[in-house]
Every structure is written in C-alpha cells, then in structure tokens.
Amino acid sequence: MDSASTHPSPSDDVRSTAPTGRALATEAVHAGRDDLAALGLHAPPIDLSTTYPSYDSRGEAARIDAFATTGADPDGPPVYGRLGNPTVARFETALARLEGTQAAVAFASGMAALSAVLLVRASMGLRHVVAVRPLYGCSDHLLTAGLLGSEVTWTDPAGIADALRPDTGLVLVESPANPTLAEVDLRAVAHACGSVPLLVDNTFATPVLQRPAEYGARLVLHSATKYLGGHGDVLAGVVACDEGLAGRLRQVRFATGGVLHPLAGYLLLRGLSTLPVRVRAASANAAALVERLAADPRVARVHYPRTGGAMVSFEVHGDPHEVIGRVRLITPAVSLGSVDTLIQHPASISHRIVDADDRRDAGVGDRLLRLSVGLEDVDDLWADLDQALGERAAEAVPLREALARAD
C-alpha cells in the first residue's frame, strides 16, 4: 500500500479548528449565515433575480466604475446577475472562512474557475505555467493544448524552482492528486515558487483535511461539484484567494460570463454545513476498505494518502473493465465526492484526454481504478467490491499437505 510521506500531516487541531478560532464544524454550519437572525430568517434565502431596479443611475454608474477598477464587490444593492448575486456571495464568504483566505470567487464549474485564473495571469503577460503531474485530466489537457494561450512546463516538485521563468504566472499542483492520490510537500513547493503564485487543487482533501493557504498557497481551487456540494446534484467551481486576486477573478467572471447560478450557490452553502461530518464518515469507510483491499490477492497495489480522505485508488491483477461491469451497489460513474460510492477507470474516462505515455508516466496505469467512497455501510461496500473483483485464485496447497495426499 502506498502513502505519501512528505506532506505535512494535519494535526487534530488543524483538522478541527477553522482559521477564525471557532471549531470547523461550527464554522461550516454558520459561515455565510451570520446575518440571518437579524433578518428574521433561519434558512438562507435564494435570490433568483437576474437584474435589480435602481432609480439612482449616477450612483449605479459610479459603482460599476469602481468594479471596473478594482473588481471589488460593489457597495449597496446588487446591479446585475453577472456582476454578483447575494446567494452566491454567501457561499463564497463561507468557503473563504473555511479555507482561511480573504475571499473566494465562485464559477459555473471547476474548469471555468481554472480558466479564469489562467486568463487573469495571461492578461498580465504571464502566460507560462509550471505544473506537476498528475492533475485532473481536463486540467492537464487545458494546459497541454494551450487552449487559452498558455504554455506549460511539466516538472516534478524538486524541479519547480529551476522551471520558473520571468513570464511564469502560476505554479499548479494537485495534492492529493487525481487519480493516483500522490501528495507533495505544499510548504516546500510554496517556498520553491518564490514570488510566483502557487495554486493548489484541494478538491480531494477539502478544508476539513487540509488548508493549502496555511502552507503558502495563494490560490486554492475546488471543483465544488464534488465534496463541497456533496450530493451529485450541483456543478460548480470556486477559487479561494486574497482579495487582490479575487478582484481580478471577478472581473474575468463578469467579462466571460462563467457565473454560478444562485440555486447552485444555495445548494453549495447547504452542502458546506455537513461537509466535516460527511468527509470524516466517508474517510472512515475508505480507511476500512483500504485495509481489506491491501490484503486481497486480487489487488496488486493500493494508493491512499497520508492526509486520509474518502478517495482510494487501486490496481488489479485482472481486467479492470470487468470489475466496473460487475458492481451492483457501487455506481460506475465519473465524478466523486457524493454521499454514494462511485468507481471509474481513469485511463478510459477522466484521464482519457491525456496522452497515453504522459498518463502512464504520471502513474495512471491501465489497471488502475479510482474509488470515491460514500456513506453506505462499509460491509455492504466490501461485499460489492468482493464480488466485483471476481473469483479468488485457488489457494496453493502447502508442500507437506500435498505430499501427505500423494501418500
């Protein structure tokens, strides 16, 4: 069984306490909702307006000018749905509190969020990106194909400092990584970046298990579709960062239109309230399955990070496609982080878009399966995995017993 040994392992205090000093579980429930009682409300409202009336056109013009200059949220009432939405703002406030950053900016998807970061840096003449594989397959493709005019240098963590150039605008890592769960020493990586912003994709760990800003990351990316939403019914992305970068991201979001729908913002805020409970319960299930998989002769290798979490990857001796085809309780589907357990074959789906040689070099082999462990009873999950893995090979007969039979 593999587990990374270089990542700073979060202590119990880091896991349980938010940067505000309140317990993380408390912050997850109350962040973004602090004003509700004063408003006479218990549940957060959903504001579905696309536009808002204003009889002060001069004042509105001044607020739009201020946004164009700084990207700060306009003071006063909302102006237009593409500029900002009160329901989405509640989620952004809550996520920033959990990650320990000054701000957060939500987008229509995780890829929209990453695209906005690349566009912000490119607009400053900083098109070069240094990245460490593996990354989520579409993130890898976006960089490799140069679809937004970026240029990427792939390296290992030890080579980051040497890969930096005057036009390097970003260093990008994912830890634990999708799908191998490889980890990097975030503090060492942040140090190697110097003045170049480090972006950490924290989708797998969530702020429950790891807060990259505490190690020096300036941007923390989430595919909020996954654990932050937590129920497989919302598509979203979010970047937690300092206010200066957030302002630029808001300007790109306004210009490109990659806005998050208010209903999605509401579902994400609701998802955050149970995030610590869900992550810890699913992680306990995952740890139990890791022990059983590691002891099973049908499994060649198990990958599980030191940070823990609910993601498990394992390589089988047999045909991984047959395992996918035999599951009955577990759902064979892309994505992850839902309350139910999902399994997929990365080389066929999530990382199919990555060049085959690059994929294998990053540890994404053809026999690798990725398991997103949910909240079902762990014995039921194992029963399904056990039958899906197929017949066990016949146990070898000890030599003494074989000789006795021959006699």
# chains A, B, ... in the order shown; residues from 1 in each chain; ligands from 1

$ select_by_dssp --residues "region 68-190 of chain A" --states "helix (DSSP H, G or I)" --output "NGL selection string"
:A and (68-70 or 86-99 or 110-122 or 137-144 or 157-163 or 186-190)

$ residues_around --residues "Val299 (chain A)" --least-positions-apart "3" --cutoff "8 Å" --atoms "only C-alpha atoms" --output "list in words"
Leu293, Ala294, Ala295, Asp296, Val302, Phe314, Glu315, Val316 and His317 of chain A

$ write_last_selection --atoms "C-alpha atoms" --output "PDB file, in the first residue's frame"
ATOM      1  CA  LEU A 293      -8.039  -4.201  -0.486  1.00  0.00           C
ATOM      2  CA  ALA A 294      -4.393  -4.231   0.598  1.00  0.00           C
ATOM      3  CA  ALA A 295      -4.799  -7.746   1.988  1.00  0.00           C
ATOM      4  CA  ASP A 296      -6.611  -9.096  -1.073  1.00  0.00           C
ATOM      5  CA  VAL A 302      -3.437   0.274  -3.207  1.00  0.00           C
ATOM      6  CA  PHE A 314      -6.101   0.514  -6.546  1.00  0.00           C
ATOM      7  CA  GLU A 315      -4.588  -1.597  -9.304  1.00  0.00           C
ATOM      8  CA  VAL A 316      -5.983  -5.039 -10.017  1.00  0.00           C
ATOM      9  CA  HIS A 317      -4.280  -8.146 -11.395  1.00  0.00           C
TER      10      HIS A 317
END

$ closest_residue --among "A:Leu164, A:Leu181, A:Leu235, A:Leu135" --to "Ser195 (chain A)" --atoms "only C-alpha atoms"
A:Leu164

$ select_by_dssp --residues "region 101-190 of chain A" --states "strand (DSSP E or B)" --output "list in words"
Ala103, Ala104, Val105, Ala106, Phe107, His128, Val129, Val130, Ala131, Glu151, Val152, Thr153, Trp154, Thr168, Gly169, Leu170, Val171, Leu172, Val173 and Glu174 of chain A

$ atom_distance --atom1 "CA of Ala131 (chain A)" --atom2 "CA of Leu209 (chain A)"
22.7 Å

$ closest_residue --among "A:Gly216, A:Gly271, A:Asp380, A:Ala224" --to "Ala190 (chain A)" --atoms "only C-alpha atoms"
A:Gly216

$ atom_distance --atom1 "CA of Gly146 (chain A)" --atom2 "CA of Val171 (chain A)"
15.4 Å

$ closest_residue --among "A:Arg301, A:Arg292, A:His351, A:His191" --to "Ala161 (chain A)" --atoms "only C-alpha atoms"
A:His191

$ atom_distance --atom1 "CA of Phe254 (chain A)" --atom2 "CA of Arg121 (chain A)"
16.1 Å

$ residues_around --residues "Ala282 (chain A)" --least-positions-apart "3" --cutoff "8 Å" --atoms "only C-alpha atoms" --output "ChimeraX atom specification"
/A:278-279,285-286,309-310,373-375

$ residues_around --residues "Ser139 (chain A)" --least-positions-apart "2" --cutoff "10 Å" --atoms "only C-alpha atoms" --output "ChimeraX atom specification"
/A:110-111,114-115,134-137,141-144,172,351,353-354

$ closest_residue --among "A:Pro332, A:Pro166, A:Gly390, A:Pro45" --to "Leu267 (chain A)" --atoms "only C-alpha atoms"
A:Pro45
